[in-house]
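Enquirer: Please read through the structure below; I'll follow up with questions.
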Amino acid sequence: MTTFKKVNRFADRGADAEKAVQKFLTDWGLNTNTRDWARLVDSKAAGRVIKAAAADFEVYRMDSGTAFDEGPRYACLIEVKETQHDYRIDYDRITQMARLRKRANAGVICMVVVLHSGTGLWRCLPIEWMLANKVDKGSWDLRKVPTFPTVEGALHSSYPEFF
């Protein structure tokens with residue numbers, strides 16, 4: 001007898017945005033041994049049988065020609081969100097805020113990248129900006145945060161030294 005696992009109807013939400021970020025990171029990491037990244041497991045898509053990750057992607061980078069140089073080393077966490085609203089993102093959609101804040105306190109660059117699906121525009125929100133503009137409920141108003149036609153532009157605008 002065949003049994004079917006119940007599929008979460010929200011498991012595909014944001015999939016297009018995550019694929020775009022994954023494609024950018026793949027291209028960004030090509031032909032270099034000082035850049036690496038990994039897609040972290042999505043707890044919701046896995047049926048909540050595993051602990052939620054702090055973000056969707058972890059990214060590593062070093063400023064030098066080879067992996068064994070003494071250049072500065074960077075670690076980054078990227079959480080990807082997709083929303084239909086043109087300039088808002090709901091506070092309760094960013095469930096990882098506490099963990100992102102803790103990682104940022106440990107020296108990790110943390111950000112939330114938002115795709116506004118209605119306009120096709122991207123924004124990059126550094127965790128520091130989100131904490132400085134904290135809301136307890138409702139949503140962040142992102143009208144003062146610049147938009148970009150590509151995820152690369154959004155990431156580079158906030159962290160040109162990393163991307």
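Labels used: A, B, ... for chains in the order of the structure tokens, numbers from 1 for residues in each chain, and numbers from 1 for ligands as shown.
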Hey, what's within 6 Å of stretch 78-81 of chain A if we count only C-alpha atoms and toss same-chain stuff fewer than 5 positions away? As a PyMOL selection string, please?

Expert: chain A and resi 14+55-57+111-114

Enquirer: If we count only C-alpha atoms and set the cut-off at 7 Å, which residues sit around stretch 122-128 of chain A, ignoring sequence neighbours fewer than 2 positions away in its own chain? Please answer as a list in words.

Expert: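 Using only C-alpha atoms, the neighbours found are Arg101, Cys110, Met111, Val112, Val113, Val114, Leu115, His116, Gly120, Met130, Leu131, Ala132, Val145, Pro146, Thr147, Phe148, Pro149, Thr150, Val151, Ala154, Leu155 and Ser158 of chain A.
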
Enquirer: Compare A:Ala104, A:Ala53, A:Val41, A:Leu121 by their minimum atom-to-atom distance to A:Thr83, counting only C-alpha atoms, and give me the closest one.

Expert: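 Ranked by minimum distance to A:Thr83, first place goes to A:Leu121.
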
Enquirer: Mind checking DSSP for chain A and telling me the alpha helix (DSSP H) residues as a PyMOL selection string?

Expert: chain A and resi 15-29+97-105+127-132+151-158

Enquirer: Select, from A:Ala17, A:Gly29, A:Asp136, A:Tyr159, the residue with the minimum atom-to-atom distance to A:Glu82, counting only C-alpha atoms.

Expert: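 Checking each candidate against A:Glu82, we get A:Ala17 as the closest.
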
Enquirer: List the neighbours of A:Trp140 out to 10 Å using only C-alpha atoms; skip same-chain residues closer than 4 positions along the sequence, and give me the result as a list in words.

Expert: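 Surrounding residues, per the criterion: Tyr87, Arg88, Ile89, Asp90, Tyr91, Met130, Asn133, Lys134, Val135 and Asp136 of chain A.
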
Enquirer: Any idea what the distance is between atom CA of A:Arg61 and atom CA of A:Tyr74?

Expert: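 Atom-to-atom, atom CA of A:Arg61 and atom CA of A:Tyr74 are spaced 5.2 Å apart.
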
Enquirer: So what do you get for atom CA of A:Thr34 versus atom CA of A:Met62, distance-wise?

Expert: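 Calculated distance between atom CA of A:Thr34 and atom CA of A:Met62 is 5.2 Å.
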
Enquirer: If you measure from atom CA of A:Arg35 to atom CA of A:Gln22, what distance in Å do you get, rounded to one decimal?

Expert: 13.8 Å

Enquirer: To test your reading of the structure, identify every residue in stretch 66-158 of chain A that backbone DSSP assigns to strand (DSSP E or B), and report it as a ChimeraX atom specification.

Expert: /A:73-83,88-90,109-116,121-126,139-141,148

Enquirer: Restricting it to C-alpha atoms, dump the selection as a short mmCIF file (atom, residue, chain, number, x, y, z; two decimals), in the first residue's frame.

Expert:
data_model
loop_
_atom_site.label_atom_id
_atom_site.label_comp_id
_atom_site.auth_asym_id
_atom_site.auth_seq_id
_atom_site.Cartn_x
_atom_site.Cartn_y
_atom_site.Cartn_z
CA ARG A 73 38.16 35.88 6.46
CA TYR A 74 34.43 36.52 6.35
CA ALA A 75 31.32 34.51 7.11
CA CYS A 76 27.83 35.54 6.08
CA LEU A 77 24.27 34.30 6.56
CA ILE A 78 21.61 35.18 4.01
CA GLU A 79 17.92 34.76 4.72
CA VAL A 80 15.79 35.06 1.57
CA LYS A 81 12.22 36.33 1.62
CA GLU A 82 9.69 36.97 -1.12
CA THR A 83 6.72 39.27 -0.69
CA ARG A 88 6.90 46.20 3.17
CA ILE A 89 7.98 42.94 4.79
CA ASP A 90 6.02 41.51 7.73
CA ILE A 109 27.61 39.24 8.50
CA CYS A 110 23.85 38.65 8.56
CA MET A 111 21.26 39.95 6.10
CA VAL A 112 17.78 39.42 4.78
CA VAL A 113 17.38 39.67 1.00
CA VAL A 114 13.85 40.51 -0.11
CA LEU A 115 12.33 39.98 -3.55
CA HIS A 116 9.22 42.08 -4.14
CA LEU A 121 12.89 44.39 -7.44
CA TRP A 122 15.32 43.29 -4.72
CA ARG A 123 16.35 44.84 -1.41
CA CYS A 124 19.11 43.81 1.00
CA LEU A 125 18.47 44.45 4.69
CA PRO A 126 21.51 44.18 6.96
CA SER A 139 5.87 45.30 9.16
CA TRP A 140 8.99 47.17 8.20
CA ASP A 141 8.50 50.10 5.82
CA PHE A 148 17.76 46.82 -7.42
#
